[in-house]
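Novice: Contents of data31.cif (mmCIF, N, CA and C atoms):
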```cif
data_my_file
loop_
_atom_site.label_atom_id
_atom_site.label_comp_id
_atom_site.auth_asym_id
_atom_site.auth_seq_id
_atom_site.Cartn_x
_atom_site.Cartn_y
_atom_site.Cartn_z
N MET A 1 117.15 118.68 37.01
CA MET A 1 115.84 118.11 37.22
C MET A 1 114.97 119.07 38.01
N GLU A 2 113.77 119.07 37.69
CA GLU A 2 112.83 119.97 38.34
C GLU A 2 112.09 119.21 39.45
N GLN A 3 112.05 119.81 40.64
CA GLN A 3 111.35 119.18 41.75
C GLN A 3 109.88 119.56 41.71
N VAL A 4 109.07 118.57 41.91
CA VAL A 4 107.63 118.79 41.90
C VAL A 4 107.15 118.82 43.35
N ASN A 5 106.39 119.85 43.68
CA ASN A 5 105.85 119.97 45.02
C ASN A 5 104.61 119.09 45.13
N ASN A 6 104.70 118.05 45.90
CA ASN A 6 103.61 117.10 46.05
C ASN A 6 102.74 117.53 47.23
N PRO A 7 101.48 117.90 46.99
CA PRO A 7 100.62 118.35 48.09
C PRO A 7 100.26 117.23 49.07
N VAL A 8 100.32 116.00 48.64
CA VAL A 8 99.99 114.89 49.53
C VAL A 8 101.06 114.75 50.61
N GLN A 9 102.33 114.88 50.24
CA GLN A 9 103.40 114.75 51.21
C GLN A 9 103.41 115.90 52.21
N SER A 10 103.16 117.10 51.75
CA SER A 10 103.22 118.24 52.66
C SER A 10 102.06 118.25 53.65
N SER A 11 100.93 117.66 53.28
CA SER A 11 99.79 117.66 54.19
C SER A 11 99.90 116.57 55.26
N THR A 12 100.76 115.58 55.05
CA THR A 12 100.88 114.51 56.03
C THR A 12 101.91 114.81 57.11
N GLN A 13 102.67 115.88 56.96
CA GLN A 13 103.66 116.21 57.97
C GLN A 13 102.95 116.81 59.19
N PRO A 14 103.34 116.38 60.37
CA PRO A 14 102.66 116.89 61.57
C PRO A 14 102.95 118.37 61.80
N ALA A 15 101.95 119.05 62.30
CA ALA A 15 102.12 120.47 62.63
C ALA A 15 102.93 120.59 63.92
N ALA A 16 103.70 121.64 64.01
CA ALA A 16 104.51 121.86 65.21
C ALA A 16 103.59 122.23 66.38
N ILE A 17 103.83 121.61 67.51
CA ILE A 17 103.03 121.88 68.70
C ILE A 17 103.78 122.89 69.56
N GLU A 18 103.09 123.95 69.92
CA GLU A 18 103.71 124.95 70.78
C GLU A 18 103.43 124.58 72.23
N LEU A 19 104.49 124.36 72.99
CA LEU A 19 104.35 123.96 74.38
C LEU A 19 104.51 125.16 75.30
N LYS A 20 103.62 125.25 76.29
CA LYS A 20 103.71 126.33 77.27
C LYS A 20 104.70 125.94 78.35
N ARG A 21 105.46 126.92 78.81
CA ARG A 21 106.43 126.68 79.88
C ARG A 21 106.05 127.55 81.07
N MET A 22 105.94 126.93 82.23
CA MET A 22 105.61 127.66 83.46
C MET A 22 106.90 128.11 84.13
N ASN A 23 106.77 129.12 84.99
CA ASN A 23 107.96 129.54 85.73
C ASN A 23 108.32 128.49 86.78
N MET A 24 109.53 128.58 87.30
CA MET A 24 110.04 127.53 88.18
C MET A 24 109.28 127.45 89.50
N THR A 25 108.80 128.58 90.01
CA THR A 25 108.05 128.56 91.27
C THR A 25 106.76 127.77 91.11
N ALA A 26 106.04 128.03 90.03
CA ALA A 26 104.80 127.29 89.78
C ALA A 26 105.09 125.81 89.54
N THR A 27 106.17 125.53 88.85
CA THR A 27 106.54 124.13 88.59
C THR A 27 106.85 123.40 89.88
N LEU A 28 107.60 124.03 90.78
CA LEU A 28 107.93 123.39 92.05
C LEU A 28 106.69 123.21 92.92
N ALA A 29 105.76 124.16 92.86
CA ALA A 29 104.51 124.01 93.61
C ALA A 29 103.69 122.84 93.06
N ILE A 30 103.67 122.70 91.75
CA ILE A 30 102.96 121.58 91.12
C ILE A 30 103.60 120.25 91.52
N CYS A 31 104.92 120.21 91.50
CA CYS A 31 105.63 118.97 91.86
C CYS A 31 105.43 118.64 93.34
N SER A 32 105.44 119.64 94.20
CA SER A 32 105.25 119.39 95.63
C SER A 32 103.86 118.85 95.93
N THR A 33 102.85 119.47 95.33
CA THR A 33 101.49 118.98 95.56
C THR A 33 101.27 117.62 94.91
N GLY A 34 101.93 117.40 93.77
CA GLY A 34 101.83 116.09 93.12
C GLY A 34 102.49 114.99 93.94
N TRP A 35 103.52 115.35 94.71
CA TRP A 35 104.15 114.36 95.58
C TRP A 35 103.28 114.11 96.81
N LEU A 36 102.75 115.17 97.41
CA LEU A 36 101.94 115.00 98.62
C LEU A 36 100.65 114.25 98.35
N ILE A 37 99.97 114.60 97.28
CA ILE A 37 98.72 113.95 96.92
C ILE A 37 98.90 113.42 95.50
N PRO A 38 99.07 112.11 95.35
CA PRO A 38 99.37 111.54 94.04
C PRO A 38 98.34 111.93 92.98
N GLY A 39 98.83 112.41 91.84
CA GLY A 39 97.98 112.79 90.72
C GLY A 39 97.55 114.24 90.72
N LEU A 40 97.69 114.94 91.84
CA LEU A 40 97.22 116.32 91.93
C LEU A 40 98.05 117.26 91.07
N GLY A 41 99.31 116.97 90.87
CA GLY A 41 100.15 117.81 90.01
C GLY A 41 99.61 117.87 88.59
N HIS A 42 99.18 116.74 88.07
CA HIS A 42 98.63 116.72 86.71
C HIS A 42 97.28 117.42 86.66
N VAL A 43 96.50 117.29 87.72
CA VAL A 43 95.20 117.97 87.77
C VAL A 43 95.41 119.48 87.75
N LEU A 44 96.41 119.99 88.48
CA LEU A 44 96.67 121.43 88.51
C LEU A 44 97.15 121.95 87.16
N ILE A 45 97.81 121.11 86.39
CA ILE A 45 98.26 121.51 85.06
C ILE A 45 97.08 121.53 84.08
N GLY A 46 96.04 120.78 84.39
CA GLY A 46 94.89 120.70 83.51
C GLY A 46 94.74 119.34 82.86
N ARG A 47 95.54 118.39 83.26
CA ARG A 47 95.46 117.02 82.74
C ARG A 47 94.62 116.19 83.69
N TRP A 48 93.31 116.39 83.66
CA TRP A 48 92.40 115.78 84.62
C TRP A 48 92.39 114.26 84.52
N VAL A 49 92.28 113.76 83.31
CA VAL A 49 92.17 112.31 83.14
C VAL A 49 93.46 111.62 83.57
N ARG A 50 94.58 112.16 83.12
CA ARG A 50 95.88 111.57 83.48
C ARG A 50 96.09 111.62 84.99
N GLY A 51 95.73 112.73 85.61
CA GLY A 51 95.86 112.85 87.06
C GLY A 51 94.98 111.85 87.81
N ALA A 52 93.76 111.66 87.33
CA ALA A 52 92.85 110.70 87.97
C ALA A 52 93.36 109.27 87.83
N ILE A 53 93.88 108.95 86.65
CA ILE A 53 94.42 107.59 86.43
C ILE A 53 95.63 107.36 87.32
N PHE A 54 96.52 108.34 87.37
CA PHE A 54 97.72 108.18 88.21
C PHE A 54 97.35 108.07 89.69
N ALA A 55 96.41 108.90 90.13
CA ALA A 55 95.99 108.84 91.54
C ALA A 55 95.37 107.48 91.86
N ALA A 56 94.53 106.99 90.96
CA ALA A 56 93.89 105.70 91.19
C ALA A 56 94.93 104.58 91.25
N CYS A 57 95.91 104.61 90.35
CA CYS A 57 96.94 103.56 90.34
C CYS A 57 97.76 103.57 91.63
N VAL A 58 98.23 104.74 92.03
CA VAL A 58 99.09 104.82 93.21
C VAL A 58 98.29 104.47 94.47
N LEU A 59 97.11 105.02 94.61
CA LEU A 59 96.33 104.76 95.82
C LEU A 59 95.84 103.32 95.90
N LEU A 60 95.45 102.75 94.75
CA LEU A 60 95.03 101.35 94.76
C LEU A 60 96.20 100.44 95.13
N MET A 61 97.36 100.72 94.58
CA MET A 61 98.54 99.92 94.91
C MET A 61 98.89 100.06 96.40
N PHE A 62 98.73 101.27 96.93
CA PHE A 62 99.02 101.51 98.34
C PHE A 62 98.06 100.74 99.23
N VAL A 63 96.78 100.80 98.92
CA VAL A 63 95.77 100.10 99.71
C VAL A 63 95.97 98.58 99.61
N LEU A 64 96.29 98.09 98.42
CA LEU A 64 96.55 96.66 98.27
C LEU A 64 97.77 96.24 99.08
N GLY A 65 98.80 97.07 99.08
CA GLY A 65 99.99 96.76 99.87
C GLY A 65 99.69 96.69 101.35
N LEU A 66 98.88 97.63 101.83
CA LEU A 66 98.49 97.58 103.25
C LEU A 66 97.59 96.38 103.52
N GLY A 67 96.72 96.07 102.57
CA GLY A 67 95.83 94.92 102.73
C GLY A 67 96.57 93.60 102.77
N MET A 68 97.72 93.55 102.13
CA MET A 68 98.54 92.33 102.16
C MET A 68 99.52 92.32 103.33
N HIS A 69 99.29 93.22 104.28
CA HIS A 69 100.10 93.32 105.50
C HIS A 69 101.55 93.67 105.21
N GLY A 70 101.75 94.55 104.22
CA GLY A 70 103.10 95.02 103.93
C GLY A 70 103.60 95.96 105.01
N LYS A 71 104.90 96.19 105.01
CA LYS A 71 105.53 97.02 106.04
C LYS A 71 105.88 98.39 105.49
N LEU A 72 105.51 99.43 106.22
CA LEU A 72 105.95 100.79 105.94
C LEU A 72 107.18 101.05 106.81
N TYR A 73 108.27 101.43 106.19
CA TYR A 73 109.52 101.60 106.91
C TYR A 73 109.67 103.01 107.44
N ASP A 74 110.25 103.12 108.63
CA ASP A 74 110.63 104.40 109.22
C ASP A 74 112.08 104.66 108.85
N LEU A 75 112.52 105.88 109.12
CA LEU A 75 113.91 106.23 108.86
C LEU A 75 114.79 105.66 109.97
N GLU A 76 115.53 104.63 109.65
CA GLU A 76 116.42 103.97 110.61
C GLU A 76 117.81 103.90 109.99
N PHE A 77 118.78 104.48 110.67
CA PHE A 77 120.14 104.46 110.15
C PHE A 77 120.92 103.23 110.60
N ASP A 78 120.33 102.43 111.50
CA ASP A 78 121.00 101.21 111.95
C ASP A 78 121.14 100.20 110.81
N GLU A 79 120.09 100.09 110.03
CA GLU A 79 120.09 99.18 108.87
C GLU A 79 120.14 100.03 107.61
N PRO A 80 121.26 100.02 106.88
CA PRO A 80 121.40 100.89 105.71
C PRO A 80 120.33 100.67 104.64
N LEU A 81 119.90 99.44 104.44
CA LEU A 81 118.90 99.18 103.41
C LEU A 81 117.52 99.70 103.79
N HIS A 82 117.28 99.91 105.08
CA HIS A 82 115.99 100.46 105.51
C HIS A 82 115.86 101.92 105.07
N VAL A 83 116.98 102.61 104.89
CA VAL A 83 116.93 104.00 104.42
C VAL A 83 116.35 104.03 103.01
N PHE A 84 116.77 103.10 102.15
CA PHE A 84 116.24 103.05 100.79
C PHE A 84 114.76 102.68 100.79
N ALA A 85 114.38 101.77 101.67
CA ALA A 85 112.97 101.41 101.78
C ALA A 85 112.13 102.60 102.25
N PHE A 86 112.68 103.38 103.18
CA PHE A 86 111.99 104.58 103.66
C PHE A 86 111.82 105.60 102.54
N ILE A 87 112.87 105.80 101.74
CA ILE A 87 112.79 106.74 100.62
C ILE A 87 111.73 106.29 99.62
N ALA A 88 111.67 104.99 99.37
CA ALA A 88 110.64 104.47 98.48
C ALA A 88 109.25 104.67 99.08
N ASN A 89 109.11 104.45 100.37
CA ASN A 89 107.81 104.59 101.02
C ASN A 89 107.31 106.03 101.06
N ILE A 90 108.19 106.98 101.35
CA ILE A 90 107.70 108.37 101.45
C ILE A 90 107.38 108.96 100.09
N GLY A 91 107.72 108.26 99.02
CA GLY A 91 107.34 108.72 97.70
C GLY A 91 105.84 108.78 97.52
N THR A 92 105.11 108.05 98.33
CA THR A 92 103.66 108.05 98.25
C THR A 92 103.06 109.36 98.78
N GLY A 93 103.79 110.06 99.62
CA GLY A 93 103.32 111.35 100.13
C GLY A 93 102.39 111.20 101.32
N MET A 94 101.28 111.94 101.28
CA MET A 94 100.34 111.96 102.40
C MET A 94 99.78 110.60 102.78
N PRO A 95 99.47 109.72 101.84
CA PRO A 95 98.98 108.40 102.26
C PRO A 95 99.95 107.68 103.19
N TYR A 96 101.25 107.86 102.97
CA TYR A 96 102.24 107.24 103.86
C TYR A 96 102.13 107.81 105.26
N TRP A 97 102.09 109.14 105.37
CA TRP A 97 102.06 109.78 106.69
C TRP A 97 100.76 109.45 107.42
N ILE A 98 99.65 109.39 106.70
CA ILE A 98 98.36 109.06 107.32
C ILE A 98 98.38 107.61 107.82
N ALA A 99 98.84 106.69 106.97
CA ALA A 99 98.88 105.28 107.36
C ALA A 99 99.82 105.05 108.53
N GLU A 100 100.94 105.75 108.53
CA GLU A 100 101.88 105.59 109.64
C GLU A 100 101.28 106.14 110.93
N ARG A 101 100.59 107.26 110.84
CA ARG A 101 99.98 107.87 112.02
C ARG A 101 98.88 106.98 112.61
N LEU A 102 98.17 106.26 111.73
CA LEU A 102 97.09 105.37 112.17
C LEU A 102 97.59 103.96 112.48
N ASN A 103 98.91 103.79 112.51
CA ASN A 103 99.56 102.50 112.81
C ASN A 103 99.20 101.40 111.83
N PHE A 104 98.98 101.77 110.57
CA PHE A 104 98.87 100.76 109.51
C PHE A 104 100.27 100.49 108.98
N GLY A 105 100.43 99.40 108.29
CA GLY A 105 101.71 99.11 107.68
C GLY A 105 102.78 98.66 108.64
N LEU A 106 102.37 98.04 109.73
CA LEU A 106 103.36 97.53 110.67
C LEU A 106 104.03 96.28 110.13
N GLY A 107 103.36 95.59 109.24
CA GLY A 107 103.93 94.40 108.62
C GLY A 107 103.84 93.19 109.52
N THR A 108 103.22 92.16 109.02
CA THR A 108 103.13 90.90 109.74
C THR A 108 103.91 89.87 108.94
N MET A 109 105.12 89.56 109.39
CA MET A 109 105.99 88.68 108.62
C MET A 109 105.44 87.27 108.49
N THR A 110 104.56 86.86 109.39
CA THR A 110 103.99 85.52 109.30
C THR A 110 102.87 85.46 108.26
N TRP A 111 102.40 86.60 107.82
CA TRP A 111 101.35 86.64 106.81
C TRP A 111 101.94 86.21 105.47
N PRO A 112 101.26 85.34 104.71
CA PRO A 112 101.85 84.81 103.47
C PRO A 112 102.16 85.87 102.42
N SER A 113 101.40 86.95 102.40
CA SER A 113 101.60 87.96 101.36
C SER A 113 102.40 89.16 101.85
N TYR A 114 103.11 89.01 102.95
CA TYR A 114 103.88 90.12 103.54
C TYR A 114 104.87 90.71 102.53
N ASP A 115 105.65 89.87 101.87
CA ASP A 115 106.65 90.37 100.93
C ASP A 115 106.02 91.08 99.75
N TYR A 116 104.91 90.53 99.25
CA TYR A 116 104.22 91.18 98.14
C TYR A 116 103.67 92.54 98.56
N GLY A 117 103.09 92.59 99.73
CA GLY A 117 102.54 93.86 100.22
C GLY A 117 103.62 94.91 100.41
N THR A 118 104.76 94.52 100.96
CA THR A 118 105.87 95.45 101.14
C THR A 118 106.37 95.95 99.79
N THR A 119 106.46 95.05 98.82
CA THR A 119 106.91 95.44 97.48
C THR A 119 105.90 96.39 96.84
N TYR A 120 104.62 96.14 97.00
CA TYR A 120 103.60 97.06 96.49
C TYR A 120 103.79 98.46 97.09
N LEU A 121 104.05 98.51 98.38
CA LEU A 121 104.22 99.81 99.04
C LEU A 121 105.46 100.53 98.53
N TRP A 122 106.53 99.81 98.25
CA TRP A 122 107.72 100.44 97.67
C TRP A 122 107.44 100.94 96.26
N VAL A 123 106.82 100.08 95.46
CA VAL A 123 106.62 100.42 94.04
C VAL A 123 105.66 101.59 93.88
N CYS A 124 104.64 101.68 94.71
CA CYS A 124 103.71 102.82 94.55
C CYS A 124 104.41 104.13 94.90
N GLY A 125 105.33 104.12 95.85
CA GLY A 125 106.10 105.33 96.15
C GLY A 125 107.04 105.70 95.02
N LEU A 126 107.73 104.71 94.46
CA LEU A 126 108.64 104.98 93.35
C LEU A 126 107.87 105.42 92.11
N LEU A 127 106.69 104.83 91.90
CA LEU A 127 105.85 105.24 90.78
C LEU A 127 105.42 106.69 90.94
N ASN A 128 105.11 107.10 92.15
CA ASN A 128 104.71 108.49 92.37
C ASN A 128 105.86 109.45 92.08
N TYR A 129 107.10 109.05 92.37
CA TYR A 129 108.24 109.89 91.98
C TYR A 129 108.28 110.08 90.47
N LEU A 130 108.04 109.01 89.71
CA LEU A 130 108.03 109.13 88.25
C LEU A 130 106.88 110.01 87.77
N ILE A 131 105.75 109.92 88.44
CA ILE A 131 104.60 110.76 88.08
C ILE A 131 104.92 112.23 88.34
N VAL A 132 105.61 112.53 89.42
CA VAL A 132 106.03 113.91 89.71
C VAL A 132 106.99 114.40 88.64
N LEU A 133 107.92 113.56 88.22
CA LEU A 133 108.84 113.95 87.14
C LEU A 133 108.11 114.19 85.83
N ASP A 134 107.06 113.42 85.57
CA ASP A 134 106.25 113.64 84.37
C ASP A 134 105.54 114.99 84.45
N ALA A 135 104.99 115.32 85.61
CA ALA A 135 104.35 116.63 85.79
C ALA A 135 105.37 117.75 85.62
N PHE A 136 106.60 117.55 86.09
CA PHE A 136 107.66 118.54 85.93
C PHE A 136 107.95 118.76 84.44
N ASP A 137 108.08 117.68 83.69
CA ASP A 137 108.36 117.81 82.26
C ASP A 137 107.23 118.53 81.53
N ILE A 138 106.00 118.24 81.87
CA ILE A 138 104.87 118.91 81.23
C ILE A 138 104.86 120.39 81.59
N ALA A 139 105.09 120.71 82.86
CA ALA A 139 105.08 122.11 83.31
C ALA A 139 106.21 122.91 82.68
N GLN A 140 107.34 122.27 82.41
CA GLN A 140 108.48 122.96 81.80
C GLN A 140 108.40 123.00 80.28
N GLY A 141 107.36 122.42 79.71
CA GLY A 141 107.18 122.46 78.27
C GLY A 141 108.02 121.45 77.51
N ARG A 142 108.51 120.45 78.18
CA ARG A 142 109.33 119.43 77.52
C ARG A 142 108.49 118.31 76.93
N LYS A 143 107.25 118.20 77.37
CA LYS A 143 106.39 117.10 76.95
C LYS A 143 104.99 117.64 76.68
N PRO A 144 104.39 117.24 75.57
CA PRO A 144 103.03 117.74 75.29
C PRO A 144 101.98 117.10 76.17
#
```
As a first step, turn the structure in this file into structure tokens.

Specialist:
Amino acid sequence: MEQVNNPVQSSTQPAAIELKRMNMTATLAICSTGWLIPGLGHVLIGRWVRGAIFAACVLLMFVLGLGMHGKLYDLEFDEPLHVFAFIANIGTGMPYWIAERLNFGLGTMTWPSYDYGTTYLWVCGLLNYLIVLDAFDIAQGRKP
């Protein structure tokens, strides 16, 4: 049997995308700045819109968590679960250090939204870790 070359099928196949890969030093610098200032890693790569959206999401969640009187945890080895809460909190980067320095995030347990605020503060830090990993994948050429 003779195969017929169908031009309709060949034109619908996606073209291969060539991904740029940065060296590891530049990638680590992008990841570090993306951790310190949420969204900045994507901005440095050239993904302005994505970086702005990520920054807005993380910072809005952080401000809402503080507004709901959530607690920012310090590194305390007395309570093992507080270490995990601290790791989640420092994922936010500079906003965590600024809020801690200004004595925000002390947490008022009598406030009705205390638990929600604390959870918001944890989730925004963990979300920023995922955003840094996304910037790493883009910088290494693994993701378009």

Novice: For Ile37 in chain A, please output as number ranges by chain all residues within 6.5 Å (counting only N, CA and C atoms; exclusion window: fewer than 6 positions along the same chain).

Specialist: A: 92-94

Novice: Restricting the calculation to all atoms listed in the file: of A:Thr118, A:Leu81, A:Pro95, A:Val63, which residue gets closest to Pro38 in chain A?

Specialist: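 Residue with the minimum atom-to-atom distance to Pro38 in chain A: A:Pro95.
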
Novice: Do you know which residues are at most 6.5 Å from Gly107 in chain A counting all atoms listed in the file, after dropping those on the same chain fewer than 4 positions away, and could you put them as a PyMOL selection string?

Specialist: chain A and resi 69-72

Novice: If we count only N, CA and C atoms, what is near Asp74 in chain A at a cut-off of 8 Å, once residues fewer than 3 positions away on the same chain are taken out, given as a PDB file with N, CA and C atoms, in the frame of the given file?

Specialist:
```pdb
ATOM      1  N   LYS A  71     104.900  96.190 105.010  1.00  0.00           N
ATOM      2  CA  LYS A  71     105.530  97.020 106.040  1.00  0.00           C
ATOM      3  C   LYS A  71     105.880  98.390 105.490  1.00  0.00           C
ATOM      4  N   PHE A  77     118.780 104.480 110.670  1.00  0.00           N
ATOM      5  CA  PHE A  77     120.140 104.460 110.150  1.00  0.00           C
ATOM      6  C   PHE A  77     120.920 103.230 110.600  1.00  0.00           C
ATOM      7  N   HIS A  82     117.280  99.910 105.080  1.00  0.00           N
ATOM      8  CA  HIS A  82     115.990 100.460 105.510  1.00  0.00           C
ATOM      9  C   HIS A  82     115.860 101.920 105.070  1.00  0.00           C
ATOM     10  N   VAL A  83     116.980 102.610 104.890  1.00  0.00           N
ATOM     11  CA  VAL A  83     116.930 104.000 104.420  1.00  0.00           C
ATOM     12  C   VAL A  83     116.350 104.030 103.010  1.00  0.00           C
ATOM     13  N   ALA A  85     114.380 101.770 101.670  1.00  0.00           N
ATOM     14  CA  ALA A  85     112.970 101.410 101.780  1.00  0.00           C
ATOM     15  C   ALA A  85     112.130 102.600 102.250  1.00  0.00           C
ATOM     16  N   PHE A  86     112.680 103.380 103.180  1.00  0.00           N
ATOM     17  CA  PHE A  86     111.990 104.580 103.660  1.00  0.00           C
ATOM     18  C   PHE A  86     111.820 105.600 102.540  1.00  0.00           C
ATOM     19  N   ILE A  87     112.870 105.800 101.740  1.00  0.00           N
ATOM     20  CA  ILE A  87     112.790 106.740 100.620  1.00  0.00           C
ATOM     21  C   ILE A  87     111.730 106.290  99.620  1.00  0.00           C
TER      22      ILE A  87
END
```

Novice: Write down as a PyMOL selection string the residues belonging to chain A that are assigned helix (DSSP H, G or I) by DSSP computed on the backbone.

Specialist: chain A and resi 7-12+24-36+40-45+48-67+80-90+94-101+114-139

Novice: At what distance in Å, to one decimal, does CA of Tyr129 in chain A lie from atom N of Arg50 in chain A?

Specialist: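 Those two atoms sit 16.4 Å apart.
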
Novice: Restricting the calculation to all atoms listed in the file, which member of A:Gly117, A:Gly125, A:Pro144, A:Gly41 is positioned closest to Val58 in chain A?

Specialist: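 That would be A:Gly125, the residue with the smallest distance to Val58 in chain A.
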
Novice: For Gly67 in chain A, which residue among A:Gly46, A:Phe54, A:Tyr114, A:Ser32 is the nearest when counting only N, CA and C atoms?

Specialist: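 Of A:Gly46, A:Phe54, A:Tyr114, A:Ser32, the one nearest Gly67 in chain A is A:Tyr114, counting only N, CA and C atoms.
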
Novice: In Å to one decimal, how far is atom N of Leu75 in chain A from atom N of Gly105 in chain A?

Specialist: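 One can read the atom N of Gly105 in chain A to atom N of Leu75 in chain A distance as 13.7 Å.
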
Novice: Using all atoms listed in the file, can you tell me which of A:Leu130, A:Ala135, A:Ile30, A:Leu121 comes closest to Leu64 in chain A?

Specialist: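 Checking each of A:Leu130, A:Ala135, A:Ile30, A:Leu121 against Leu64 in chain A, counting all atoms listed in the file, the winner is A:Leu121.
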
Novice: Determine the residue membership of the PyMOL selection byres ((chain A and resi 42) around 8) for the file above and supply it as number ranges by chain.

Specialist: A: 30-31, 33-34, 38-41, 43-52, 131-132, 134-136

Novice: Can you work out the spacing between CA of Phe84 in chain A and CA of Leu126 in chain A in Å, to one decimal?

Specialist: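 The value is 10.8 Å.
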
Novice: With distances taken over all atoms listed in the file, which residue among A:Leu36, A:Val123, A:Met61, A:Leu28 lies nearest Asn89 in chain A?

Specialist: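 Counting all atoms listed in the file, the residue closest to Asn89 in chain A is A:Val123.
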